[in-house]
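Okay, work_26.txt is below, compact mmCIF, C-alpha atoms and all ligand atoms:
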# COMPACT_ATOMS: atom_id res chain seq x y z
CA MET A 1 65.25 5.00 5.48
CA LYS A 2 62.41 6.66 3.57
CA HIS A 3 59.95 4.14 5.02
CA SER A 4 61.19 4.79 8.60
CA THR A 5 60.94 8.55 8.06
CA LYS A 6 57.29 8.08 6.88
CA VAL A 7 56.59 5.97 10.02
CA ILE A 8 58.07 8.71 12.28
CA LEU A 9 55.92 11.34 10.50
CA ILE A 10 52.71 9.23 10.86
CA SER A 11 53.38 8.49 14.54
CA GLY A 12 54.22 12.16 15.00
CA PHE A 13 50.89 13.14 13.42
CA SER A 14 48.87 10.67 15.55
CA LEU A 15 50.77 11.88 18.60
CA ILE A 16 49.69 15.45 17.80
CA LEU A 17 46.07 14.27 17.42
CA VAL A 18 46.21 12.57 20.84
CA ILE A 19 47.67 15.67 22.50
CA LEU A 20 45.01 17.86 20.85
CA ALA A 21 42.24 15.47 22.02
CA VAL A 22 43.58 15.52 25.60
CA PHE A 23 43.93 19.30 25.50
CA LEU A 24 40.39 19.78 24.19
CA PHE A 25 39.07 17.41 26.88
CA ILE A 26 40.86 19.43 29.60
CA LYS A 27 39.63 22.67 27.99
CA ILE A 28 35.98 21.60 28.01
CA ARG A 29 36.23 20.01 31.46
CA GLY A 30 38.39 22.78 32.87
CA ASN A 31 36.35 24.93 35.28
CA THR A 32 38.68 27.88 34.92
CA ALA A 33 38.42 29.14 31.37
CA ASN A 34 41.77 30.46 30.21
CA ILE A 35 41.98 34.20 30.66
CA PHE A 36 42.75 34.78 26.99
CA ASP A 37 39.28 33.40 26.15
CA ARG A 38 37.81 36.34 28.01
CA GLN A 39 36.96 39.73 26.63
CA LYS A 40 39.64 42.36 27.27
CA ASN A 41 39.05 44.59 30.32
CA GLU A 42 36.44 42.22 31.73
CA GLU A 43 36.87 42.47 35.52
CA ILE A 44 37.46 38.94 36.76
CA PRO A 45 36.36 38.36 40.37
CA SER A 46 39.61 37.27 42.01
CA GLU A 47 37.94 34.27 43.66
CA ARG A 48 38.06 32.62 40.23
CA LEU A 49 41.77 33.33 39.74
CA ILE A 50 44.33 30.58 40.17
CA LEU A 51 48.01 31.57 40.50
CA GLY A 52 50.73 28.95 40.15
CA PHE A 53 53.82 30.08 42.10
CA SER A 54 57.27 28.43 42.11
CA GLN A 55 59.48 29.54 45.02
CA ILE A 56 63.18 28.59 45.09
CA GLY A 57 63.30 27.39 48.69
CA SER A 58 63.89 28.73 52.22
CA GLU A 59 67.62 29.56 52.25
CA SER A 60 67.34 32.78 54.26
CA ALA A 61 65.08 34.78 56.56
CA TRP A 62 64.56 37.06 53.58
CA ARG A 63 63.20 34.17 51.52
CA THR A 64 60.93 33.02 54.32
CA ARG A 65 59.43 36.52 54.61
CA ASN A 66 59.11 36.66 50.81
CA THR A 67 57.08 33.43 50.86
CA GLN A 68 54.90 34.63 53.73
CA SER A 69 54.22 37.89 51.91
CA ILE A 70 53.00 36.05 48.81
CA ILE A 71 50.80 33.60 50.74
CA GLU A 72 49.29 36.37 52.90
CA ALA A 73 48.61 38.59 49.87
CA ALA A 74 46.95 35.78 47.89
CA GLU A 75 44.65 35.10 50.84
CA ALA A 76 43.89 38.80 51.22
CA LYS A 77 42.98 39.07 47.52
CA ASN A 78 41.10 35.77 47.50
CA ILE A 79 43.36 34.40 44.79
CA GLN A 80 43.78 30.62 44.83
CA LEU A 81 47.52 29.92 45.20
CA ILE A 82 49.19 26.73 44.04
CA PHE A 83 52.60 27.02 45.73
CA ASP A 84 55.66 24.90 45.01
CA ASP A 85 58.97 24.96 46.96
CA ALA A 86 61.77 23.96 44.57
CA GLN A 87 64.27 23.10 47.34
CA GLN A 88 66.93 25.21 45.54
CA LYS A 89 66.75 23.14 42.32
CA GLN A 90 65.97 24.64 38.91
CA GLU A 91 64.74 21.30 37.62
CA ASN A 92 62.06 21.30 40.31
CA GLN A 93 60.99 24.77 39.19
CA LEU A 94 60.70 23.61 35.58
CA LYS A 95 58.57 20.63 36.67
CA ALA A 96 56.32 22.87 38.78
CA ILE A 97 55.80 25.37 35.96
CA ARG A 98 54.90 22.55 33.56
CA SER A 99 52.39 21.20 36.05
CA PHE A 100 50.85 24.66 36.34
CA ILE A 101 50.48 24.68 32.54
CA VAL A 102 48.74 21.28 32.52
CA TYR A 103 46.48 22.43 35.32
CA GLN A 104 45.71 25.55 33.23
CA VAL A 105 46.23 28.09 36.02
CA ASP A 106 45.32 31.66 35.08
CA VAL A 107 48.74 33.14 35.79
CA ILE A 108 52.19 31.69 36.58
CA ALA A 109 54.75 33.50 38.73
CA PHE A 110 58.15 32.27 39.80
CA VAL A 111 61.48 33.27 41.37
CA PRO A 112 64.17 32.10 38.90
CA ILE A 113 66.99 30.64 40.98
CA VAL A 114 69.41 31.35 38.13
CA GLU A 115 69.27 33.58 35.04
CA ASP A 116 69.41 30.96 32.28
CA GLY A 117 67.43 27.92 31.14
CA TRP A 118 63.86 29.30 31.07
CA ASP A 119 63.14 29.92 27.37
CA ASN A 120 61.56 26.55 26.58
CA VAL A 121 59.19 26.43 29.53
CA LEU A 122 58.22 30.08 28.99
CA GLN A 123 57.43 29.27 25.36
CA GLU A 124 55.27 26.36 26.54
CA ALA A 125 53.38 28.69 28.88
CA LYS A 126 52.95 31.24 26.08
CA ASP A 127 51.68 28.54 23.72
CA ALA A 128 49.18 27.53 26.42
CA GLY A 129 48.04 31.17 26.70
CA ILE A 130 49.18 31.50 30.32
CA PRO A 131 50.99 34.76 31.20
CA VAL A 132 54.08 34.60 33.39
CA ILE A 133 55.41 37.12 35.93
CA ILE A 134 59.09 36.91 36.91
CA VAL A 135 59.48 37.62 40.66
CA ASP A 136 62.45 38.78 42.78
CA ARG A 137 65.31 37.68 40.49
CA GLN A 138 65.57 38.34 36.75
CA ILE A 139 66.24 36.04 33.77
CA LYS A 140 68.08 36.09 30.46
CA ALA A 141 65.26 35.26 28.05
CA ASP A 142 63.26 36.82 25.23
CA PRO A 143 61.17 39.51 26.99
CA SER A 144 58.18 38.64 24.80
CA LEU A 145 57.99 35.32 26.65
CA TYR A 146 56.87 36.86 29.94
CA ALA A 147 54.49 39.63 31.01
CA GLY A 148 56.80 41.50 33.38
CA PHE A 149 59.30 41.48 36.30
CA LEU A 150 58.69 42.49 39.93
CA GLY A 151 61.57 42.59 42.39
CA GLU A 152 64.79 44.20 43.55
CA ASN A 153 67.38 46.14 41.64
CA GLY A 154 70.51 44.20 42.54
CA PHE A 155 72.77 46.54 40.58
CA GLU A 156 71.58 49.59 42.57
CA GLU A 157 71.90 47.65 45.82
CA GLY A 158 75.53 46.94 44.94
CA ARG A 159 76.10 50.60 44.07
CA SER A 160 74.61 51.70 47.41
CA ALA A 161 76.95 49.34 49.27
CA ALA A 162 80.02 50.69 47.46
CA LYS A 163 78.95 54.34 47.82
CA PHE A 164 78.83 53.88 51.60
CA LEU A 165 82.34 52.36 51.55
CA VAL A 166 83.75 55.18 49.40
CA GLU A 167 82.15 57.87 51.57
CA LYS A 168 83.49 56.24 54.74
CA CYS A 169 87.01 55.82 53.32
CA ALA A 170 87.08 59.36 51.93
CA LYS A 171 87.46 60.55 55.54
CA ASP A 172 90.67 58.67 56.12
CA ASN A 173 93.80 58.63 54.02
CA ARG A 174 94.19 54.91 53.60
CA TYR A 175 96.24 54.41 50.44
CA ARG A 176 94.71 50.97 49.76
CA ILE A 177 91.39 49.39 50.71
CA ASN A 178 91.41 45.58 50.38
CA ILE A 179 87.94 44.08 50.04
CA VAL A 180 86.74 40.47 50.48
CA GLU A 181 83.38 39.68 48.81
CA PHE A 182 80.93 37.00 49.99
CA SER A 183 78.96 36.41 46.80
CA GLY A 184 75.40 35.11 46.40
CA THR A 185 74.36 32.13 44.26
CA GLU A 186 76.49 31.98 41.11
CA ASN A 187 74.56 32.85 37.91
CA SER A 188 71.68 34.35 39.89
CA SER A 189 70.76 37.80 38.56
CA VAL A 190 70.83 39.23 42.07
CA ALA A 191 74.41 38.11 42.75
CA THR A 192 75.53 39.30 39.32
CA GLY A 193 73.81 42.65 39.81
CA ARG A 194 75.16 43.21 43.30
CA ALA A 195 78.68 42.34 42.15
CA GLU A 196 78.55 44.55 39.04
CA GLY A 197 76.90 47.46 40.84
CA PHE A 198 79.53 47.45 43.59
CA ARG A 199 82.37 47.32 41.06
CA SER A 200 80.89 50.11 38.93
CA VAL A 201 81.45 52.54 41.83
CA ILE A 202 85.05 51.60 42.75
CA LYS A 203 86.44 50.69 39.32
CA ASP A 204 88.12 54.05 38.64
CA ASP A 205 89.82 54.38 42.04
CA PRO A 206 92.97 52.21 42.23
CA ARG A 207 92.90 52.32 46.05
CA TYR A 208 89.98 49.86 46.06
CA ASN A 209 90.82 46.22 45.40
CA ILE A 210 88.62 43.15 45.69
CA ILE A 211 91.35 40.75 46.76
CA TYR A 212 89.07 37.71 47.13
CA SER A 213 85.50 36.70 46.26
CA GLU A 214 83.75 33.39 46.96
CA ASP A 215 80.23 32.08 46.31
CA GLY A 216 78.47 31.58 49.64
CA ASP A 217 75.13 30.68 47.98
CA PHE A 218 73.26 33.14 50.25
CA LEU A 219 73.63 30.63 53.10
CA ARG A 220 74.62 31.38 56.72
CA SER A 221 76.54 28.09 56.92
CA ARG A 222 78.58 28.97 53.84
CA GLY A 223 79.32 32.45 55.20
CA LYS A 224 80.79 30.86 58.32
CA GLU A 225 82.74 28.28 56.28
CA ILE A 226 84.35 30.94 54.10
CA MET A 227 85.39 33.11 57.07
CA ASP A 228 86.60 30.04 58.99
CA LYS A 229 88.83 29.14 56.05
CA ILE A 230 90.22 32.69 55.78
CA LEU A 231 91.01 32.80 59.51
CA VAL A 232 92.66 29.38 59.50
CA GLU A 233 94.85 30.34 56.53
CA SER A 234 95.80 33.66 58.19
CA LYS A 235 96.28 32.12 61.63
CA GLY A 236 93.44 34.07 63.17
CA GLN A 237 94.16 37.43 61.53
CA LEU A 238 91.70 39.34 59.37
CA MET A 239 94.06 38.96 56.44
CA TYR A 240 94.00 37.22 53.05
CA LYS A 241 97.24 36.01 51.50
CA GLY A 242 99.22 38.50 53.54
CA HIS A 243 96.97 41.46 52.76
CA LYS A 244 94.95 43.16 55.52
CA ILE A 245 91.20 42.85 54.96
CA ASP A 246 89.95 46.43 55.27
CA ALA A 247 86.36 45.74 54.19
CA ILE A 248 83.94 42.84 53.76
CA TYR A 249 81.08 43.09 51.23
CA SER A 250 78.45 40.39 51.69
CA HIS A 251 75.59 39.90 49.20
CA ASN A 252 73.09 38.92 51.91
CA ASP A 253 72.52 38.97 55.65
CA SER A 254 72.54 35.19 56.05
CA MET A 255 76.15 34.99 54.87
CA THR A 256 76.99 38.07 56.96
CA LEU A 257 75.58 36.46 60.10
CA GLY A 258 77.62 33.36 59.26
CA LEU A 259 80.88 35.30 59.02
CA LEU A 260 80.05 37.06 62.28
CA ASP A 261 79.51 33.61 63.85
CA SER A 262 83.02 32.68 62.75
CA LEU A 263 84.63 35.88 64.09
CA LYS A 264 82.84 35.39 67.42
CA GLN A 265 83.72 31.70 67.69
CA LYS A 266 87.41 32.39 66.98
CA GLN A 267 87.36 35.56 69.10
CA VAL A 268 88.71 37.69 66.28
CA PRO A 269 88.02 41.42 66.75
CA ALA A 270 86.80 43.20 63.62
CA ASN A 271 86.48 46.74 64.95
CA ASP A 272 88.47 48.37 62.19
CA THR A 273 87.08 46.19 59.39
CA ILE A 274 84.22 47.79 57.48
CA ILE A 275 81.40 45.24 57.02
CA ILE A 276 78.58 45.89 54.55
CA SER A 277 75.58 43.60 54.05
CA ILE A 278 72.37 43.45 51.99
CA ASP A 279 68.79 42.44 52.89
CA ALA A 280 68.10 44.22 56.23
CA GLU A 281 66.55 41.37 58.20
CA GLN A 282 66.13 42.14 61.91
CA LYS A 283 69.23 40.25 63.06
CA SER A 284 71.38 42.22 60.66
CA ILE A 285 69.89 45.55 61.78
CA ASP A 286 70.53 44.47 65.37
CA ALA A 287 74.17 43.78 64.46
CA LEU A 288 74.37 47.27 62.92
CA THR A 289 73.04 48.93 66.08
CA GLN A 290 75.50 46.86 68.15
CA GLY A 291 78.42 48.16 66.08
CA LYS A 292 79.20 44.80 64.43
CA LEU A 293 78.22 46.05 60.96
CA ASN A 294 78.69 49.45 59.33
CA CYS A 295 76.03 49.45 56.61
CA VAL A 296 73.00 47.33 55.66
CA VAL A 297 71.35 47.90 52.26
CA GLU A 298 67.66 47.02 52.21
CA CYS A 299 66.26 44.43 49.81
CA ASN A 300 62.49 44.37 50.22
CA PRO A 301 60.98 40.84 50.44
CA ASN A 302 57.37 42.03 50.76
CA LEU A 303 56.45 41.49 47.12
CA GLY A 304 53.07 39.81 47.76
CA PRO A 305 50.62 42.73 47.61
CA ILE A 306 52.06 44.23 44.41
CA LEU A 307 52.32 40.77 42.82
CA MET A 308 48.62 40.10 43.42
CA GLU A 309 47.69 43.46 41.89
CA LEU A 310 49.74 42.56 38.80
CA VAL A 311 48.05 39.14 38.67
CA LYS A 312 44.62 40.75 38.70
CA GLN A 313 45.64 43.25 36.02
CA ILE A 314 46.89 40.52 33.73
CA ALA A 315 43.83 38.36 34.40
CA SER A 316 41.66 41.23 33.20
CA GLY A 317 43.61 41.34 29.98
CA LYS A 318 45.53 44.51 30.86
CA GLU A 319 49.23 45.02 30.23
CA ILE A 320 51.59 45.26 33.22
CA PRO A 321 54.90 47.19 33.39
CA LYS A 322 57.82 45.19 31.95
CA VAL A 323 59.84 46.05 35.10
CA THR A 324 58.57 46.98 38.58
CA TYR A 325 61.28 47.65 41.17
CA MET A 326 60.59 47.72 44.90
CA HIS A 327 61.43 50.79 46.99
CA GLU A 328 64.57 50.11 49.04
CA SER A 329 66.59 52.16 51.55
CA VAL A 330 70.02 52.03 53.19
CA PHE A 331 70.73 51.69 56.91
CA THR A 332 74.11 52.92 58.19
CA GLU A 333 76.11 53.45 61.39
CA ASN A 334 75.37 57.17 61.04
CA ASP A 335 71.59 56.73 61.50
CA ASP A 336 69.52 57.64 64.55
CA PHE A 337 68.77 54.04 65.57
CA SER A 338 65.88 55.18 67.78
CA LEU A 339 63.95 55.86 64.56
CA TYR A 340 64.21 52.26 63.36
CA LYS A 341 61.01 50.20 63.17
CA PRO A 342 60.82 46.39 63.63
CA ARG A 343 61.69 44.65 60.34
CA GLY A 344 59.14 41.85 60.66
CA TYR A 345 61.58 39.15 59.50
O1 LIG A 401 69.10 38.81 49.10
C1 LIG A 401 68.76 36.54 49.81
C2 LIG A 401 67.92 35.42 49.24
O2 LIG A 401 66.84 36.91 45.66
C3 LIG A 401 67.00 39.10 46.62
O3 LIG A 401 67.92 35.69 47.84
C4 LIG A 401 66.91 37.61 46.89
C5 LIG A 401 68.10 37.11 47.66
C6 LIG A 401 68.26 37.71 49.06
O4 LIG A 401 68.44 34.19 49.55
O5 LIG A 401 68.65 36.62 51.21
So that I can check it, write out the structure of this file as structure tokens.
Ligand code: GYE
Amino acid sequence: MKHSTKVILISGFSLILVILAVFLFIKIRGNTANIFDRQKNEEIPSERLILGFSQIGSESAWRTRNTQSIIEAAEAKNIQLIFDDAQQKQENQLKAIRSFIVYQVDVIAFVPIVEDGWDNVLQEAKDAGIPVIIVDRQIKADPSLYAGFLGENGFEEGRSAAKFLVEKCAKDNRYRINIVEFSGTENSSVATGRAEGFRSVIKDDPRYNIIYSEDGDFLRSRGKEIMDKILVESKGQLMYKGHKIDAIYSHNDSMTLGLLDSLKQKQVPANDTIIISIDAEQKSIDALTQGKLNCVVECNPNLGPILMELVKQIASGKEIPKVTYMHESVFTENDDFSLYKPRGY
């Protein structure tokens, strides 16, 4: 046993030597010196910056606009972008981030599809001296492992949705408000935040009850499937297990458009059902102005310009804020729709 342990140690030591040799070779050959080799506050012309970006996929119009914003902003700032689409798989994101490390990009940024499972790869990036910016969704990891977060405040978005519902219901004397929730991707920070924020507003009023919640994965197809199932079980009524559905809270517009598809296909009127959505893509705003929705909470996908500013700050050795939230507003049935501007996505 002792002998085998010695063998493992020797091979381990030679393995370390090989890795060091490869690393040194890459370092010498590498034409983009790692930013931590540079003097602090040295302004780095952005044409020399390389940003490795891992995007989760293209599950919604919001995501598509988010991607466009990042690509456009990198071009505008002359930052070389290595972009990877993870096709909704965390393992693809981990592979992409590791490839960015080997390539020795200057900065890594990524949208974490779920909150957990990032500590090891973030440690690897830190060990390689490559700073990481978390984009759009947040993670559960040691904050010292990444430079900062830029994105939405899901908790506040959920609170805004519930505040609209409470204000609307305060005007009528309904003794009970039954709510069905179309949830975003399970274990994503944005779905968790939107769920917790909504509940934080209604938790002390017994009239409000979330009678059913299902994960629709932020997908239009899943939003339709869930509503189809509800309508089949209730024989075409907007009811769940015998309870009237007074309100629907959907974590994103794609799922909302899917449930509207279902109501339209089955010719189920929803005039007295309060429907609240999040994102504010054009089709959802159009549904609001047509009276199909009552409230749409904005989630701003245009993160590109601010992200590139943060990349340049980091690349010059400056600190960036640990958290940067985007400005977001709320659109409701009470607005003057003539003041609305095109959403661009
Ligand atoms: O609401 C949804 C997208 O992470 C905030 O993900 C984003 C969410 C957004 O699929 O449309």
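Each of A:Ile226, A:Leu145, A:Leu303, A:Ala315 was compared to ligand LIG 401 (chain A) using only C-alpha atoms and all ligand atoms, and A:Leu303 turns out to be the nearest.
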| request: Residues within 7 Å of ligand LIG 401 (chain A) should be enumerated using only C-alpha atoms and all ligand atoms and returned as a PyMOL selection string. | output: chain A and resi 59-63+136-137+152+190+218+251-254+278-279+299
| Who sits within 6 Å of range 281-293 of chain A, all atoms listed in the file, same chain under 2 positions skipped, as an MDAnalysis selection string | chainID A and resid 275 279 295 343 345
Resulting file, chosen residues, C-alpha atoms, as a PDB file, keeping the file's coordinate frame:
ATOM      1  CA  ILE A 275      81.400  45.240  57.020  1.00  0.00           C
ATOM      2  CA  ASP A 279      68.790  42.440  52.890  1.00  0.00           C
ATOM      3  CA  CYS A 295      76.030  49.450  56.610  1.00  0.00           C
ATOM      4  CA  ARG A 343      61.690  44.650  60.340  1.00  0.00           C
ATOM      5  CA  TYR A 345      61.580  39.150  59.500  1.00  0.00           C
TER       6      TYR A 345
END
| field | Straight-line distance linking CA of Glu124 in chain A with CA of Pro301 in chain A, stated in Å to one decimal | value | 28.5 Å
| message | So that I can check the surroundings of Pro112 in chain A, please list as a list of chain:residue names every protein, DNA and RNA residue that reaches within 10 Å of it, counting only C-alpha atoms and ignoring chain neighbours fewer than 6 positions away. | response |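 The residues that qualify are A:Ser54, A:Gln55, A:Ile56, A:Gln88, A:Lys89, A:Gln90, A:Gln93, A:Leu94, A:Trp118, A:Ile134, A:Val135, A:Asp136, A:Arg137, A:Gln138, A:Ile139, A:Ser188, A:Ser189.
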| request: Excluding range 105-110 of chain A and any residue of its chain fewer than 4 positions from it, enumerate the residues within 8 Å of it, using only C-alpha atoms, and give them as a list in words. | output: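 Surrounding residues, per the criterion: Thr32, Asn34, Ile35, Leu49, Ile50, Leu51, Gly52, Phe53, Ser54, Gln55, Ile97, Phe100, Ile101, Ile130, Pro131, Val132, Ile133, Ile134, Val135, Val311, Ile314 and Ala315 of chain A.
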| said: Env of Asn78 in chain A: 12 Å cut, atoms = all atoms listed in the file, seq-sep filter 2 positions within chain, self excluded. Answer as a ChimeraX atom specification. | reply: /A:44-51,70-76,80-81,305,308-309,311-312
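Note that CA of Ser277 in chain A and CA of Ala161 in chain A are 7.6 Å apart.
In terms of minimum interatomic distance to Lys229 in chain A, A:Lys266 ranks closest within A:Pro143, A:Pro206, A:Lys266, A:Glu298, counting only C-alpha atoms.
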| task | Would you mind listing what lies within 10 Å of Arg194 in chain A as a list in words, with all atoms listed in the file counted and same-chain residues fewer than 2 positions away left out? | result | Asn153, Gly154, Phe155, Glu156, Glu157, Gly158, Arg159, Ser160, Ala161, Ala162, Ser183, Gly184, Ser189, Val190, Ala191, Thr192, Glu196, Gly197, Phe198, Arg199, Ser200, Tyr249, Ser250, His251, Asn252 and Ile278 of chain A
| Atomic distance CA of Glu181 in chain A - CA of Phe149 in chain A, expressed in Å with one decimal | 27.2 Å
| From the list A:His243, A:Lys264, A:Lys163, A:Lys168, which residue is nearest Lys203 in chain A when using all atoms listed in the file? |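 For Lys203 in chain A, the nearest of the candidates is A:Lys163.
For the residues A:Thr67, A:Asp272, A:Ser99, A:Lys77, ranking by smallest atom-to-atom distance to Val111 in chain A using all atoms listed in the file places A:Thr67 first.
Of the residues under consideration (A:Ile82, A:Leu339, A:Cys169, A:Leu219), A:Cys169 shows the shortest atom-to-atom contact distance to Ala247 in chain A when counting only C-alpha atoms.
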| query | Using all atoms listed in the file, what residues lie at most 12 Å away from (85.4, 33.1, 60.1) (file coordinates), given as a PyMOL selection string? | reply | chain A and resi 182+220-240+248+255-270
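Across A:Asp127, A:Leu310, A:Ile211, A:Glu167, the tightest approach to Asn294 in chain A is made by A:Glu167 when counting only C-alpha atoms.
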Hey, could you patch up range 89-109 of chain A with N, CA and C atoms and hand it over as a PDB file, keeping the file's coordinate frame?
ATOM      1  N   LYS A  89      66.392  23.839  43.570  1.00  0.00           N
ATOM      2  CA  LYS A  89      66.750  23.140  42.320  1.00  0.00           C
ATOM      3  C   LYS A  89      65.959  23.683  41.146  1.00  0.00           C
ATOM      4  N   GLN A  90      66.649  24.108  40.100  1.00  0.00           N
ATOM      5  CA  GLN A  90      65.970  24.640  38.910  1.00  0.00           C
ATOM      6  C   GLN A  90      65.099  23.575  38.270  1.00  0.00           C
ATOM      7  N   GLU A  91      65.567  22.321  38.284  1.00  0.00           N
ATOM      8  CA  GLU A  91      64.740  21.300  37.620  1.00  0.00           C
ATOM      9  C   GLU A  91      63.386  21.144  38.306  1.00  0.00           C
ATOM     10  N   ASN A  92      63.361  21.371  39.615  1.00  0.00           N
ATOM     11  CA  ASN A  92      62.060  21.300  40.310  1.00  0.00           C
ATOM     12  C   ASN A  92      61.158  22.465  39.910  1.00  0.00           C
ATOM     13  N   GLN A  93      61.792  23.613  39.635  1.00  0.00           N
ATOM     14  CA  GLN A  93      60.990  24.770  39.190  1.00  0.00           C
ATOM     15  C   GLN A  93      60.390  24.485  37.805  1.00  0.00           C
ATOM     16  N   LEU A  94      61.200  23.910  36.933  1.00  0.00           N
ATOM     17  CA  LEU A  94      60.700  23.610  35.580  1.00  0.00           C
ATOM     18  C   LEU A  94      59.536  22.617  35.649  1.00  0.00           C
ATOM     19  N   LYS A  95      59.661  21.603  36.512  1.00  0.00           N
ATOM     20  CA  LYS A  95      58.570  20.630  36.670  1.00  0.00           C
ATOM     21  C   LYS A  95      57.307  21.319  37.184  1.00  0.00           C
ATOM     22  N   ALA A  96      57.482  22.188  38.179  1.00  0.00           N
ATOM     23  CA  ALA A  96      56.320  22.870  38.780  1.00  0.00           C
ATOM     24  C   ALA A  96      55.615  23.738  37.743  1.00  0.00           C
ATOM     25  N   ILE A  97      56.403  24.493  36.974  1.00  0.00           N
ATOM     26  CA  ILE A  97      55.800  25.370  35.960  1.00  0.00           C
ATOM     27  C   ILE A  97      55.040  24.550  34.933  1.00  0.00           C
ATOM     28  N   ARG A  98      55.606  23.418  34.540  1.00  0.00           N
ATOM     29  CA  ARG A  98      54.900  22.550  33.560  1.00  0.00           C
ATOM     30  C   ARG A  98      53.616  21.986  34.153  1.00  0.00           C
ATOM     31  N   SER A  99      53.636  21.710  35.439  1.00  0.00           N
ATOM     32  CA  SER A  99      52.390  21.200  36.050  1.00  0.00           C
ATOM     33  C   SER A  99      51.346  22.315  36.119  1.00  0.00           C
ATOM     34  N   PHE A 100      51.795  23.535  36.347  1.00  0.00           N
ATOM     35  CA  PHE A 100      50.850  24.660  36.340  1.00  0.00           C
ATOM     36  C   PHE A 100      50.212  24.802  34.961  1.00  0.00           C
ATOM     37  N   ILE A 101      50.993  24.572  33.919  1.00  0.00           N
ATOM     38  CA  ILE A 101      50.480  24.680  32.540  1.00  0.00           C
ATOM     39  C   ILE A 101      49.420  23.613  32.305  1.00  0.00           C
ATOM     40  N   VAL A 102      49.719  22.374  32.707  1.00  0.00           N
ATOM     41  CA  VAL A 102      48.740  21.280  32.520  1.00  0.00           C
ATOM     42  C   VAL A 102      47.467  21.589  33.295  1.00  0.00           C
ATOM     43  N   TYR A 103      47.645  22.142  34.494  1.00  0.00           N
ATOM     44  CA  TYR A 103      46.480  22.430  35.320  1.00  0.00           C
ATOM     45  C   TYR A 103      45.706  23.631  34.778  1.00  0.00           C
ATOM     46  N   GLN A 104      46.330  24.367  33.854  1.00  0.00           N
ATOM     47  CA  GLN A 104      45.710  25.550  33.230  1.00  0.00           C
ATOM     48  C   GLN A 104      45.404  26.641  34.265  1.00  0.00           C
ATOM     49  N   VAL A 105      46.414  26.963  35.096  1.00  0.00           N
ATOM     50  CA  VAL A 105      46.230  28.090  36.020  1.00  0.00           C
ATOM     51  C   VAL A 105      46.020  29.349  35.179  1.00  0.00           C
ATOM     52  N   ASP A 106      45.543  30.411  35.822  1.00  0.00           N
ATOM     53  CA  ASP A 106      45.320  31.660  35.080  1.00  0.00           C
ATOM     54  C   ASP A 106      46.617  32.442  34.877  1.00  0.00           C
ATOM     55  N   VAL A 107      47.472  32.427  35.880  1.00  0.00           N
ATOM     56  CA  VAL A 107      48.740  33.140  35.790  1.00  0.00           C
ATOM     57  C   VAL A 107      49.814  32.290  36.472  1.00  0.00           C
ATOM     58  N   ILE A 108      51.023  32.347  35.961  1.00  0.00           N
ATOM     59  CA  ILE A 108      52.190  31.690  36.580  1.00  0.00           C
ATOM     60  C   ILE A 108      53.143  32.783  37.036  1.00  0.00           C
ATOM     61  N   ALA A 109      53.690  32.605  38.248  1.00  0.00           N
ATOM     62  CA  ALA A 109      54.750  33.500  38.730  1.00  0.00           C
ATOM     63  C   ALA A 109      55.827  32.634  39.338  1.00  0.00           C
TER      64      ALA A 109
END
